[in-house]
Structure formats: C-alpha cells, structure tokens
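What follows is the content of entry_19.txt, which has compact mmCIF, C-alpha atoms (C1' of nucleotides):
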# COMPACT_ATOMS: atom_id res chain seq x y z
CA MET A 1 -2.02 -63.18 -26.03
CA SER A 2 -1.11 -59.56 -25.71
CA LYS A 3 -1.87 -57.85 -22.45
CA VAL A 4 -3.77 -55.08 -24.19
CA LYS A 5 -6.12 -57.71 -25.66
CA LYS A 6 -6.77 -59.20 -22.24
CA TYR A 7 -7.30 -55.71 -20.86
CA PHE A 8 -10.01 -54.84 -23.39
CA GLU A 9 -11.64 -58.26 -23.10
CA ASP A 10 -11.79 -57.90 -19.32
CA ILE A 11 -13.61 -54.60 -19.55
CA GLY A 12 -16.19 -56.14 -21.88
CA PHE A 13 -15.19 -55.60 -25.50
CA SER A 14 -15.61 -58.53 -27.91
CA GLY A 15 -16.27 -59.46 -31.54
CA ASP A 16 -15.85 -56.83 -34.24
CA ASP A 17 -15.38 -53.99 -31.78
CA LEU A 18 -12.55 -55.79 -30.02
CA GLN A 19 -10.93 -56.60 -33.34
CA LYS A 20 -11.22 -53.02 -34.52
CA ILE A 21 -9.66 -51.79 -31.28
CA LEU A 22 -6.76 -54.23 -31.45
CA ASN A 23 -6.14 -53.37 -35.10
CA ALA A 24 -5.72 -49.75 -34.08
CA PHE A 25 -2.79 -50.72 -31.85
CA GLU A 26 0.66 -51.75 -33.01
CA LEU A 27 3.31 -53.38 -30.86
CA GLN A 28 6.60 -51.53 -30.60
CA THR A 29 9.66 -52.92 -28.87
CA PHE A 30 12.35 -50.91 -27.10
CA LYS A 31 15.87 -51.69 -26.02
CA LYS A 32 17.13 -50.39 -22.70
CA ASN A 33 17.72 -46.61 -22.97
CA ASP A 34 15.70 -46.30 -26.21
CA PHE A 35 13.58 -43.18 -26.34
CA VAL A 36 9.80 -43.51 -26.57
CA VAL A 37 9.30 -39.75 -26.48
CA GLU A 38 11.92 -37.08 -26.99
CA GLU A 39 11.78 -33.55 -25.66
CA GLY A 40 10.93 -31.13 -28.46
CA LYS A 41 9.17 -33.70 -30.61
CA THR A 42 5.40 -34.07 -30.59
CA SER A 43 4.33 -37.41 -29.14
CA ARG A 44 1.57 -38.71 -31.41
CA TYR A 45 1.05 -42.03 -29.61
CA MET A 46 -0.20 -43.29 -26.33
CA GLY A 47 0.01 -46.96 -25.41
CA PHE A 48 -0.39 -49.88 -23.10
CA VAL A 49 2.80 -51.20 -21.52
CA GLU A 50 3.15 -54.90 -22.35
CA THR A 51 6.55 -55.43 -20.74
CA GLY A 52 9.27 -53.31 -19.17
CA MET A 53 9.42 -49.95 -17.42
CA PHE A 54 9.44 -46.49 -18.94
CA GLN A 55 10.82 -43.39 -17.24
CA TYR A 56 9.39 -39.89 -17.72
CA TYR A 57 11.88 -37.15 -17.04
CA VAL A 58 13.18 -33.72 -17.93
CA ILE A 59 16.79 -32.59 -18.04
CA GLN A 60 17.50 -29.77 -15.62
CA ASP A 61 20.98 -28.36 -15.03
CA GLY A 62 22.29 -31.43 -16.83
CA GLU A 63 20.47 -33.85 -14.54
CA GLU A 64 17.49 -36.13 -15.09
CA ARG A 65 14.47 -35.19 -12.98
CA THR A 66 12.10 -38.14 -13.02
CA ASN A 67 8.41 -37.38 -12.87
CA TYR A 68 6.95 -40.81 -13.26
CA VAL A 69 7.62 -44.41 -14.26
CA SER A 70 5.08 -46.52 -16.18
CA ILE A 71 5.14 -50.25 -15.51
CA GLU A 72 3.49 -53.33 -17.05
CA ASN A 73 -0.26 -53.38 -17.55
CA THR A 74 -0.73 -49.64 -17.30
CA PHE A 75 -1.35 -47.01 -19.91
CA PHE A 76 1.49 -44.85 -21.07
CA ALA A 77 1.18 -41.28 -22.39
CA SER A 78 3.16 -38.11 -22.47
CA VAL A 79 -0.10 -36.41 -21.53
CA LEU A 80 0.44 -32.79 -22.46
CA SER A 81 2.09 -33.47 -25.82
CA PHE A 82 -0.28 -36.25 -26.85
CA ILE A 83 -3.46 -34.40 -25.93
CA SER A 84 -2.57 -30.90 -27.03
CA GLU A 85 -0.48 -32.08 -29.99
CA THR A 86 2.44 -29.84 -29.09
CA PRO A 87 6.16 -30.62 -28.71
CA SER A 88 6.88 -32.67 -25.62
CA LEU A 89 8.53 -31.00 -22.64
CA GLU A 90 9.66 -34.36 -21.32
CA ASN A 91 11.57 -37.44 -22.40
CA VAL A 92 10.32 -40.97 -21.96
CA LYS A 93 12.81 -43.81 -22.22
CA ALA A 94 13.00 -47.52 -21.54
CA LEU A 95 14.69 -48.39 -18.25
CA VAL A 96 15.00 -52.01 -19.42
CA ASP A 97 14.12 -53.84 -22.65
CA GLY A 98 10.35 -53.68 -23.13
CA SER A 99 7.36 -53.30 -25.40
CA ILE A 100 4.32 -51.08 -25.70
CA SER A 101 1.09 -51.55 -27.67
CA MET A 102 0.86 -48.12 -29.24
CA ILE A 103 -2.12 -46.24 -30.63
CA SER A 104 -1.87 -42.98 -32.56
CA ARG A 105 -4.06 -40.00 -31.70
CA THR A 106 -5.55 -40.39 -35.18
CA ASN A 107 -6.53 -44.00 -34.53
CA LEU A 108 -7.80 -43.11 -31.07
CA LYS A 109 -10.11 -40.50 -32.60
CA MET A 110 -11.22 -43.04 -35.18
CA LEU A 111 -12.18 -45.54 -32.45
CA LEU A 112 -13.99 -42.80 -30.53
CA ASN A 113 -16.04 -42.03 -33.62
CA GLU A 114 -16.71 -45.57 -34.79
CA ILE A 115 -17.36 -47.43 -31.53
CA PRO A 116 -19.91 -45.69 -29.29
CA THR A 117 -18.93 -47.64 -26.16
CA PHE A 118 -15.27 -46.75 -26.73
CA LYS A 119 -16.13 -43.20 -25.72
CA ASP A 120 -17.39 -44.51 -22.41
CA PHE A 121 -14.22 -46.50 -21.95
CA TYR A 122 -12.09 -43.45 -22.75
CA ILE A 123 -14.11 -41.26 -20.37
CA GLY A 124 -13.52 -43.85 -17.65
CA LEU A 125 -9.80 -43.94 -18.41
CA LEU A 126 -9.55 -40.15 -18.28
CA GLU A 127 -11.55 -39.97 -15.05
CA ALA A 128 -9.36 -42.61 -13.41
CA SER A 129 -6.20 -40.86 -14.59
CA LEU A 130 -7.49 -37.59 -13.23
CA CYS A 131 -8.16 -39.17 -9.83
CA GLY A 132 -4.72 -40.72 -9.71
CA ILE A 133 -2.81 -37.62 -10.64
CA ASP A 134 -4.94 -35.42 -8.39
CA ALA A 135 -4.16 -37.65 -5.42
CA SER A 136 -0.49 -37.63 -6.33
CA ARG A 137 -0.42 -33.85 -6.50
CA TYR A 138 -2.19 -33.66 -3.14
CA ASP A 139 0.50 -35.83 -1.60
CA LEU A 140 3.23 -33.52 -2.87
CA ILE A 141 1.51 -30.61 -1.15
CA VAL A 142 0.29 -32.06 2.13
CA LEU A 143 2.73 -34.85 2.95
CA THR A 144 6.39 -34.66 3.95
CA ALA A 145 8.99 -36.52 1.91
CA GLU A 146 9.10 -39.16 4.63
CA GLN A 147 5.34 -39.61 4.60
CA ARG A 148 5.35 -39.90 0.82
CA TYR A 149 7.98 -42.62 1.01
CA GLU A 150 6.04 -44.50 3.68
CA LYS A 151 2.89 -44.28 1.58
CA MET A 152 4.71 -45.70 -1.44
CA LEU A 153 6.17 -48.42 0.78
CA LYS A 154 2.67 -49.33 1.93
CA ASN A 155 0.61 -48.90 -1.26
CA GLU A 156 3.07 -49.59 -4.07
CA PRO A 157 5.79 -51.85 -2.69
CA HIS A 158 6.28 -53.36 -6.14
CA LEU A 159 7.63 -50.01 -7.36
CA LEU A 160 10.37 -50.18 -4.74
CA GLN A 161 11.47 -53.55 -6.00
CA GLN A 162 11.39 -52.63 -9.66
CA ILE A 163 12.40 -49.01 -10.03
CA PRO A 164 15.93 -47.80 -9.29
CA LEU A 165 15.99 -45.71 -6.11
CA GLN A 166 17.46 -42.70 -7.85
CA HIS A 167 14.29 -42.40 -9.93
CA LEU A 168 11.97 -43.08 -7.03
CA ALA A 169 13.72 -40.29 -5.16
CA SER A 170 12.95 -37.86 -7.95
CA MET A 171 9.32 -39.02 -8.12
CA LEU A 172 9.07 -38.34 -4.39
CA ALA A 173 10.57 -34.90 -5.10
CA VAL A 174 13.76 -35.43 -3.08
CA THR A 175 17.39 -36.12 -3.92
CA PRO A 176 18.79 -39.66 -3.84
CA ARG A 177 20.93 -38.51 -0.89
CA HIS A 178 17.86 -37.58 1.08
CA LEU A 179 15.93 -40.71 0.16
CA SER A 180 18.86 -42.69 1.47
CA ARG A 181 18.55 -40.80 4.76
CA ILE A 182 14.80 -41.49 4.93
CA ARG A 183 15.34 -45.18 4.26
CA SER A 184 18.03 -45.57 6.92
CA LYS A 185 15.79 -43.75 9.40
CA ILE A 186 12.76 -45.94 8.76
CA ARG A 187 14.53 -49.28 8.75
CA MET B 1 -27.19 -14.29 -18.49
CA SER B 2 -25.43 -16.92 -16.46
CA LYS B 3 -21.80 -17.55 -17.20
CA VAL B 4 -22.39 -21.24 -17.64
CA LYS B 5 -24.87 -20.46 -20.42
CA LYS B 6 -22.36 -18.24 -22.20
CA TYR B 7 -19.74 -20.95 -21.75
CA PHE B 8 -21.83 -23.65 -23.44
CA GLU B 9 -22.98 -21.28 -26.17
CA ASP B 10 -19.40 -20.31 -26.92
CA ILE B 11 -18.35 -23.93 -27.41
CA GLY B 12 -21.20 -24.47 -29.85
CA PHE B 13 -24.28 -25.78 -28.06
CA SER B 14 -27.67 -24.29 -28.98
CA GLY B 15 -31.38 -25.03 -29.20
CA ASP B 16 -32.82 -28.03 -27.39
CA ASP B 17 -29.42 -29.41 -26.45
CA LEU B 18 -28.38 -26.16 -24.82
CA GLN B 19 -31.69 -25.97 -22.97
CA LYS B 20 -31.36 -29.54 -21.75
CA ILE B 21 -27.85 -28.84 -20.52
CA LEU B 22 -28.83 -25.68 -18.69
CA ASN B 23 -31.82 -27.43 -17.11
CA ALA B 24 -29.43 -29.99 -15.66
CA PHE B 25 -27.63 -27.24 -13.73
CA GLU B 26 -28.97 -25.41 -10.71
CA LEU B 27 -27.53 -22.23 -9.27
CA GLN B 28 -26.40 -22.40 -5.65
CA THR B 29 -25.24 -19.41 -3.66
CA PHE B 30 -22.72 -19.45 -0.85
CA LYS B 31 -21.88 -17.02 1.91
CA LYS B 32 -18.26 -16.48 2.86
CA ASN B 33 -16.97 -19.56 4.76
CA ASP B 34 -19.91 -21.75 3.66
CA PHE B 35 -18.89 -25.28 2.82
CA VAL B 36 -19.39 -26.56 -0.72
CA VAL B 37 -17.86 -29.92 0.12
CA GLU B 38 -17.15 -31.32 3.56
CA GLU B 39 -14.52 -33.91 4.39
CA GLY B 40 -16.17 -37.28 4.99
CA LYS B 41 -19.24 -36.54 2.91
CA THR B 42 -19.53 -37.70 -0.69
CA SER B 43 -19.57 -34.78 -3.11
CA ARG B 44 -22.29 -35.56 -5.66
CA TYR B 45 -21.98 -32.32 -7.64
CA MET B 46 -19.54 -30.61 -9.86
CA GLY B 47 -20.11 -27.10 -11.11
CA PHE B 48 -19.19 -23.96 -12.95
CA VAL B 49 -18.11 -21.03 -10.79
CA GLU B 50 -20.32 -18.03 -11.59
CA THR B 51 -18.91 -15.68 -8.96
CA GLY B 52 -16.51 -15.87 -6.03
CA MET B 53 -13.56 -18.06 -5.07
CA PHE B 54 -13.58 -21.51 -3.56
CA GLN B 55 -10.74 -23.01 -1.54
CA TYR B 56 -9.86 -26.72 -1.56
CA TYR B 57 -8.04 -27.83 1.57
CA VAL B 58 -7.44 -30.54 4.12
CA ILE B 59 -6.94 -30.13 7.85
CA GLN B 60 -3.57 -31.40 9.01
CA ASP B 61 -2.30 -31.00 12.57
CA GLY B 62 -5.11 -28.53 13.07
CA GLU B 63 -4.07 -26.38 10.11
CA GLU B 64 -5.59 -25.81 6.70
CA ARG B 65 -3.43 -27.05 3.85
CA THR B 66 -4.73 -25.50 0.65
CA ASN B 67 -4.44 -27.55 -2.52
CA TYR B 68 -6.24 -25.34 -4.97
CA VAL B 69 -8.55 -22.38 -5.42
CA SER B 70 -11.27 -22.24 -8.09
CA ILE B 71 -12.13 -18.82 -9.48
CA GLU B 72 -14.82 -17.40 -11.76
CA ASN B 73 -15.46 -18.99 -15.14
CA THR B 74 -13.78 -22.28 -14.29
CA PHE B 75 -15.17 -25.66 -13.45
CA PHE B 76 -15.25 -26.78 -9.86
CA ALA B 77 -15.06 -30.38 -8.65
CA SER B 78 -13.78 -32.33 -5.71
CA VAL B 79 -12.41 -34.74 -8.28
CA LEU B 80 -11.78 -37.93 -6.35
CA SER B 81 -15.06 -37.86 -4.45
CA PHE B 82 -17.22 -36.80 -7.37
CA ILE B 83 -15.78 -39.31 -9.82
CA SER B 84 -15.36 -42.32 -7.58
CA GLU B 85 -18.45 -41.51 -5.51
CA THR B 86 -16.61 -41.94 -2.22
CA PRO B 87 -16.41 -39.69 0.86
CA SER B 88 -14.35 -36.58 0.20
CA LEU B 89 -10.89 -36.32 1.72
CA GLU B 90 -10.96 -32.56 1.32
CA ASN B 91 -13.08 -29.56 2.21
CA VAL B 92 -14.13 -26.91 -0.24
CA LYS B 93 -15.38 -23.60 1.11
CA ALA B 94 -16.24 -20.14 -0.14
CA LEU B 95 -13.49 -17.59 0.46
CA VAL B 96 -15.98 -14.81 -0.29
CA ASP B 97 -19.70 -14.72 -1.11
CA GLY B 98 -20.24 -16.50 -4.41
CA SER B 99 -22.31 -18.79 -6.57
CA ILE B 100 -21.84 -21.99 -8.54
CA SER B 101 -23.97 -23.55 -11.28
CA MET B 102 -24.07 -27.11 -9.99
CA ILE B 103 -24.73 -30.36 -11.80
CA SER B 104 -25.19 -33.70 -10.07
CA ARG B 105 -23.31 -36.80 -11.20
CA THR B 106 -26.72 -38.26 -12.03
CA ASN B 107 -27.60 -35.36 -14.32
CA LEU B 108 -24.13 -35.43 -15.84
CA LYS B 109 -24.61 -39.08 -16.75
CA MET B 110 -28.03 -38.26 -18.16
CA LEU B 111 -26.55 -35.56 -20.42
CA LEU B 112 -23.77 -37.94 -21.52
CA ASN B 113 -26.41 -40.48 -22.53
CA GLU B 114 -28.90 -38.15 -24.15
CA ILE B 115 -26.69 -35.69 -26.02
CA PRO B 116 -24.05 -37.38 -28.19
CA THR B 117 -21.92 -34.25 -28.57
CA PHE B 118 -21.92 -33.76 -24.81
CA LYS B 119 -19.61 -36.76 -24.54
CA ASP B 120 -17.15 -35.00 -26.79
CA PHE B 121 -17.38 -31.89 -24.66
CA TYR B 122 -16.81 -33.92 -21.49
CA ILE B 123 -13.83 -35.75 -23.04
CA GLY B 124 -12.36 -32.37 -23.93
CA LEU B 125 -12.93 -31.10 -20.40
CA LEU B 126 -11.29 -34.16 -18.87
CA GLU B 127 -8.35 -33.99 -21.26
CA ALA B 128 -7.79 -30.32 -20.50
CA SER B 129 -8.05 -30.96 -16.76
CA LEU B 130 -5.55 -33.77 -17.07
CA CYS B 131 -3.09 -31.52 -18.90
CA GLY B 132 -3.46 -28.80 -16.30
CA ILE B 133 -3.00 -30.99 -13.28
CA ASP B 134 -0.15 -32.92 -14.92
CA ALA B 135 1.73 -29.69 -15.56
CA SER B 136 1.07 -28.56 -12.01
CA ARG B 137 2.43 -31.81 -10.61
CA TYR B 138 5.48 -31.50 -12.82
CA ASP B 139 6.17 -28.06 -11.41
CA LEU B 140 6.04 -29.38 -7.85
CA ILE B 141 8.70 -31.94 -8.75
CA VAL B 142 11.07 -30.04 -11.00
CA LEU B 143 10.84 -26.40 -9.90
CA THR B 144 12.01 -24.77 -6.70
CA ALA B 145 9.50 -22.86 -4.57
CA GLU B 146 10.94 -19.62 -5.91
CA GLN B 147 10.56 -20.77 -9.52
CA ARG B 148 6.97 -21.84 -8.86
CA TYR B 149 6.18 -18.42 -7.43
CA GLU B 150 7.78 -16.66 -10.38
CA LYS B 151 5.80 -18.83 -12.78
CA MET B 152 2.56 -17.95 -11.01
CA LEU B 153 3.56 -14.30 -11.05
CA LYS B 154 4.09 -14.50 -14.80
CA ASN B 155 1.26 -16.80 -15.90
CA GLU B 156 -1.48 -16.21 -13.34
CA PRO B 157 -0.99 -12.74 -11.89
CA HIS B 158 -4.76 -12.45 -11.29
CA LEU B 159 -4.46 -15.19 -8.66
CA LEU B 160 -2.00 -13.07 -6.71
CA GLN B 161 -4.45 -10.22 -6.62
CA GLN B 162 -7.44 -12.29 -5.65
CA ILE B 163 -6.30 -15.11 -3.42
CA PRO B 164 -4.97 -14.51 0.12
CA LEU B 165 -1.23 -15.15 0.28
CA GLN B 166 -1.55 -17.75 3.00
CA HIS B 167 -3.48 -19.97 0.58
CA LEU B 168 -1.19 -19.29 -2.36
CA ALA B 169 1.71 -20.32 -0.14
CA SER B 170 0.09 -23.66 0.52
CA MET B 171 -0.69 -24.16 -3.18
CA LEU B 172 2.99 -23.53 -3.87
CA ALA B 173 3.77 -26.09 -1.16
CA VAL B 174 5.55 -23.67 1.17
CA THR B 175 4.69 -21.93 4.44
CA PRO B 176 3.44 -18.35 4.48
CA ARG B 177 6.70 -17.45 6.25
CA HIS B 178 8.71 -18.75 3.36
CA LEU B 179 6.52 -17.19 0.69
CA SER B 180 7.07 -13.88 2.42
CA ARG B 181 10.82 -14.45 2.14
CA ILE B 182 10.52 -15.28 -1.56
CA ARG B 183 8.46 -12.17 -2.22
CA SER B 184 10.84 -9.83 -0.43
CA LYS B 185 13.74 -11.38 -2.33
CA ILE B 186 12.13 -10.95 -5.74
CA ARG B 187 10.85 -7.43 -5.30
C1' DT C 1 -13.71 7.52 13.00
C1' DT C 2 -12.33 3.95 16.34
C1' DC C 3 -11.78 -0.60 17.63
C1' DA C 4 -11.16 -5.30 16.74
C1' DT C 5 -9.88 -8.81 13.60
C1' DT C 6 -7.36 -10.70 9.93
C1' DT C 7 -3.50 -10.73 6.91
C1' DT C 8 1.16 -10.01 5.96
C1' DT C 9 5.90 -9.34 7.13
C1' DA C 10 10.00 -10.47 9.49
C1' DG C 11 13.66 -11.77 13.35
C1' DA C 12 15.81 -15.68 15.67
C1' DC C 13 16.62 -20.14 15.72
C1' DA C 14 15.77 -25.24 14.55
C1' DT C 15 15.08 -28.69 11.22
C1' DT C 16 15.05 -30.42 6.73
C1' DT C 17 17.05 -31.02 2.52
C1' DG C 18 20.69 -30.30 -0.92
C1' DT C 19 25.66 -30.42 -2.56
C1' DC C 20 29.93 -32.37 -2.80
C1' DT C 21 32.60 -36.09 -2.02
C1' DA C 22 34.04 -40.68 -1.23
C1' DG C 23 33.50 -45.48 -0.27
C1' DT C 24 31.36 -50.04 -0.72
C1' DA C 25 28.89 -53.74 -2.95
C1' DG C 26 27.08 -55.86 -6.92
C1' DA C 27 26.80 -56.35 -11.79
C1' DT C 28 28.94 -56.41 -16.36
C1' DT C 29 32.59 -56.93 -19.59
C1' DA C 30 37.22 -57.76 -21.50
C1' DT D 1 40.37 -63.01 -13.02
C1' DA D 2 40.79 -58.21 -13.25
C1' DA D 3 38.84 -54.09 -14.54
C1' DT D 4 35.05 -51.18 -15.08
C1' DC D 5 30.80 -49.50 -14.31
C1' DT D 6 26.60 -48.53 -11.83
C1' DA D 7 23.65 -48.12 -7.82
C1' DC D 8 23.43 -47.17 -3.28
C1' DT D 9 25.00 -45.31 1.10
C1' DA D 10 26.81 -41.87 4.03
C1' DG D 11 29.97 -37.94 6.24
C1' DA D 12 30.60 -32.96 6.35
C1' DC D 13 29.00 -28.84 5.44
C1' DA D 14 25.83 -25.35 3.07
C1' DA D 15 21.42 -23.74 1.68
C1' DA D 16 16.52 -23.91 1.93
C1' DT D 17 12.58 -24.10 4.57
C1' DG D 18 9.91 -24.57 8.88
C1' DT D 19 8.55 -23.02 13.74
C1' DC D 20 7.66 -19.69 16.97
C1' DT D 21 6.93 -15.16 17.98
C1' DA D 22 5.85 -10.39 17.48
C1' DA D 23 4.74 -6.35 15.14
C1' DA D 24 3.07 -3.73 11.26
C1' DA D 25 -0.40 -3.25 7.74
C1' DA D 26 -4.80 -3.99 5.87
C1' DT D 27 -9.56 -4.98 6.43
C1' DG D 28 -14.05 -5.01 8.37
C1' DA D 29 -17.48 -3.78 11.91
C1' DA D 30 -19.66 -0.68 15.29
Show the structure stored in the file as structure tokens.
Amino acid sequence: MSKVKKYFEDIGFSGDDLQKILNAFELQTFKKNDFVVEEGKTSRYMGFVETGMFQYYVIQDGEERTNYVSIENTFFASVLSFISETPSLENVKALVDGSISMISRTNLKMLLNEIPTFKDFYIGLLEASLCGIDASRYDLIVLTAEQRYEKMLKNEPHLLQQIPLQHLASMLAVTPRHLSRIRSKIR
Amino acid sequence: MSKVKKYFEDIGFSGDDLQKILNAFELQTFKKNDFVVEEGKTSRYMGFVETGMFQYYVIQDGEERTNYVSIENTFFASVLSFISETPSLENVKALVDGSISMISRTNLKMLLNEIPTFKDFYIGLLEASLCGIDASRYDLIVLTAEQRYEKMLKNEPHLLQQIPLQHLASMLAVTPRHLSRIRSKIR
DNA sequence: TTCATTTTTAGACATTTGTCTAGTAGATTA
DNA sequence: TAATCTACTAGACAAATGTCTAAAAATGAA
C-alpha cells in the first residue's frame, strides 16, 4: 500500500472520498540527481514523498545553497511556485532514487471543491506548515549556528544520519567547513 | 470605516456574510509598550492591524531579539501559539499607540463552519502567509546581511521609515552595530 | 526652551565564520 | 586490484560580525 493512502486513511478519509483523493495523485519515480522542479519552470505539482530524499536549493555563484530536504512520509512542494503559479526560483532534485505521489494544482482545487472535508484537511496542512516554517525562521534569527546544530541533533537526529553533511550545513546557514568545526567542538 | 471592513469588502464579502464576519471581530486599542501577546500565555486571538506597529520578539540573555514587525493593513498573529493553542514562545507589543481588530480562534472556527466562502478566504490567507515566510527564510539562508538590507531597502522602504533600526537589525539577523556599518557602507 | 531619555553611529578589539587548500577515508567503477 | 570519485575533516589566513564603550543625534517631557 502506498504511504499516501495510509496517510489519508489515518486522518480519517475512507470510501468514495478516499478513492477520489487517491485517484487525484499519480506516482512518479526519480533516479538519483533527477530534477523534480527546475529553476525558471513553474512547478504545477505538490506531492507526498513515498521513498527517497529531495533537496531544495538555489545556485549562487556557481554553488548549491540548500534550503531544505524533504524525506519520506512528508509533503513536498516548491511553495512559492506551486501556490502563486509562477516560475520557480529554486531547484528540487532527488538525492537518491525515490518516488513521490504527485498531485497537480488543478486536481488539488478539484478535491477542495468536491470534498468538503478536504478543505479542512488542507487548512490543517497549511497551518502545520506555517508553524513549522515560522519556527525554523525564528531559529535562524535567534539561535547561533552551534545552537541550531544542537537542536537538530536533539530533535531531528534522523536527518543527520540520512542527509549529507554538506546539505545540512547549508540548511543551518553555515558552510561545510564551519559545520565541521561545530561538530568537532561538540563531540 | 474600519480597515478590516474595507479589507473584507475589497475581497468580495457583502451582506449578511460581511456582517457576520465583522461581528466576529472586536477592536482592541493598545498604548505604546502594551503587550498583545506575552511569552508563556496562550494567544487565543489573531487580528487585523488598524493602526500602529507591533513588534514580535523573544528575550535572550536579557535582550530583545525581534523576529518581525506587523504594520497597518496586515494580519497579525503569534502563529505557533494561535494555531497550536499552546503557550506563546514570543512576546508581541505595541511600538506606538495602535489598534487591532481581533478575532478569537473560536470565532474563526465559527466563521469557517458557517460561511463556506470564508474557508476559501482563509486558505488564501494561509497560502499567502506561507509564501511570504518561505521567501523570508530563503533570504536568511542564501543572502548576506548586506543583501538582505538592500532587498528591504528596495522592496519595503516604508519599513525603514517606520520601524526603529534596532528592530530592523534583529529582523535582518544582525546586531545594530553591524547594521550601522552596512548603512554607512551603502550610502 | 531646557533637560532627560532614547536612538543611532562609530572606534577598538575579540570572536565567529568564510575561503582556499590539502589530506584522508570510504565508496564506486574499470 | 588499481584508479577514481565523493564526502568529510582540518590548517592557515582573510573577511564578516559581535562586544563593549562612548559620543552624537533625535525625540519626548517639563
């Protein structure tokens, strides 16, 4: 069973509604280094990560600056492009082979119109996303790089095992060189 | 006429719906330095800023670290506390005398249930908030302090006129000392 | 106006973080 | 197996940013 199916079952969808929701998604597979979203192209899909890891980044002075990494069992979206239907400022690519259950903005709007409780689900998803990103932004402002690393170590240790350090460094808004310093200091 | 009324009229509400919405809000006034939200207390209201400016901050090592400032004609919310109904991690206080049209989470839920199109409005508000905060977080990761200041100078010059520099510095994630350096370099 | 308070600027120095470079260890491939 | 390749670490130095302090400038109150 797909993870997206389990996800929607767990939050209470069933019967026709569940079927309609699942029909609106389509599974896409990605090889390592495949692009899910490319800078300059409008991203018309969001999705639910079934397997793998997907890196969000921009190219600056020829280097990748990673903003975020989506892992299994979480929603994926290039937020600004998907919501405002404008060309993406960022790239999203597969860090390893993986798959995403994708839903187009068109199908999302269809579900919102046809299934009343889907609106409540979507409101909940947006509210939770807002909380998460707000907290993350707070950390960038009020915590030092070292404190941010320690927080990740404590709250999201799985990220440290899964995501290459170079990308974690960028997510923590430091260089790999400096993350290496922080790690050697803490150990 | 209140600004919140004009706001909801402009996005298409009228008649009974508009009246019901406006009845769900209540105007609160604040003197300079009054608290709108206090750390440790659950913030049960969000609102629409009618007049004034409101500073979001945490106390760290005895100092205020400003995260954000809400100005006129924008929505105000201590997001994490209001949405998850948990004690606030931040303070929000009036930088000058001002007023906010406030709506409780209870009344918000009531409007969501009673006015179908209000859900669409709220989804739009959440999506726009998500875009804004996502872009802001991106800037903290990929831009230098100087680039962030220049971007604010270009895109939000009104903030520079209205908000004390010490708070802008914190929002840009630098010290007032360093913002002063940046400003003298750019001019 | 005058006085007091707050805000902003800036010097001197310390700390943090970045850049450049190189080396090591582990994985992958021919 | 050798030969790459990639990820991670780390030294040396440079640049960015913070801390502490003081003074000037702006603001508000009497």
### Protein, DNA and RNA residues within 12 Å of (-7.4, -11.7, 15.5), all atoms listed in the file, as number ranges by chain
C: 4-7; D: 27-28
### Message
List the spatial neighbours of region 8-21 of chain D as a list of chain:residue names - criterion: any atom at most 8 Å away, all atoms listed in the file, same-chain residues fewer than 2 positions off excluded.
### Response
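Using all atoms listed in the file, the neighbours found are A:Ser180, B:Val174, B:Thr175, B:His178, C:DA14, C:DT15, C:DT16, C:DT17, C:DG18, C:DT19.
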Saved selection, atoms kept: C-alpha atoms (C1' of nucleotides), as a short mmCIF file (atom, residue, chain, number, x, y, z; two decimals), in the coordinates of the input:
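part_24.cif, written as the output of this step:
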data_model
loop_
_atom_site.label_atom_id
_atom_site.label_comp_id
_atom_site.auth_asym_id
_atom_site.auth_seq_id
_atom_site.Cartn_x
_atom_site.Cartn_y
_atom_site.Cartn_z
CA SER A 180 18.86 -42.69 1.47
CA VAL B 174 5.55 -23.67 1.17
CA THR B 175 4.69 -21.93 4.44
CA HIS B 178 8.71 -18.75 3.36
"C1'" DA C 14 15.77 -25.24 14.55
"C1'" DT C 15 15.08 -28.69 11.22
"C1'" DT C 16 15.05 -30.42 6.73
"C1'" DT C 17 17.05 -31.02 2.52
"C1'" DG C 18 20.69 -30.30 -0.92
"C1'" DT C 19 25.66 -30.42 -2.56
#
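Distances here use only C-alpha atoms; by that measure, the residue among A:Phe118, A:Lys93, A:Val69, A:Ala135 closest to Ser81 (chain B) is A:Ala135.
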### Task
Tell me, in Å to one decimal, how far CA of Asp97 (chain A) is from CA of Ala128 (chain A).
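CA of Ala128 (chain A) lies at a distance of 27.6 Å from CA of Asp97 (chain A).
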#### Entry: CA of Ser129 (chain A) to CA of Phe25 (chain A), straight-line distance in Å
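About the pair CA of Phe25 (chain A) and CA of Ser129 (chain A): they are 20.2 Å apart.
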### Task
Considering all atoms listed in the file, extract the chain B residues located within 9 Å of chain A and return them as a PyMOL selection string.
chain B and resi 58+60+65-67+79-81+83-84+119-120+122-123+126-138+140-142+170-174
Show me which bits of chain A are within 10 Å of chain D, counting all atoms listed in the file, as a PDB file with C-alpha atoms, in the frame of the given file.
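Saved result, out-v5.pdb, follows:
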ATOM      1  CA  PRO A 164      15.930 -47.800  -9.290  1.00  0.00           C
ATOM      2  CA  LEU A 165      15.990 -45.710  -6.110  1.00  0.00           C
ATOM      3  CA  GLN A 166      17.460 -42.700  -7.850  1.00  0.00           C
ATOM      4  CA  PRO A 176      18.790 -39.660  -3.840  1.00  0.00           C
ATOM      5  CA  ARG A 177      20.930 -38.510  -0.890  1.00  0.00           C
ATOM      6  CA  SER A 180      18.860 -42.690   1.470  1.00  0.00           C
ATOM      7  CA  ARG A 181      18.550 -40.800   4.760  1.00  0.00           C
ATOM      8  CA  SER A 184      18.030 -45.570   6.920  1.00  0.00           C
TER       9      SER A 184
END
### Task
Work out how far apart CA of Leu22 (chain A) and CA of Thr117 (chain B) are and give it in Å to one decimal.
25.2 Å
## Note on the structure
From the list A:Leu179, A:Met152, A:Leu108, A:Ile186, the nearest residue to chain C using only C-alpha atoms (C1' of nucleotides) is A:Leu179
### Message
Residues of chain C were defined as contacting chain B if any atom lay at most 10 Å from it, counting all atoms listed in the file; please report them as number ranges by chain.
### Response
C: 7-10
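If you measure from each of A:Ile115, A:Ile21, A:Met53, A:Val37 to Ala77 (chain A) using all atoms listed in the file, the closest one turns out to be A:Val37.
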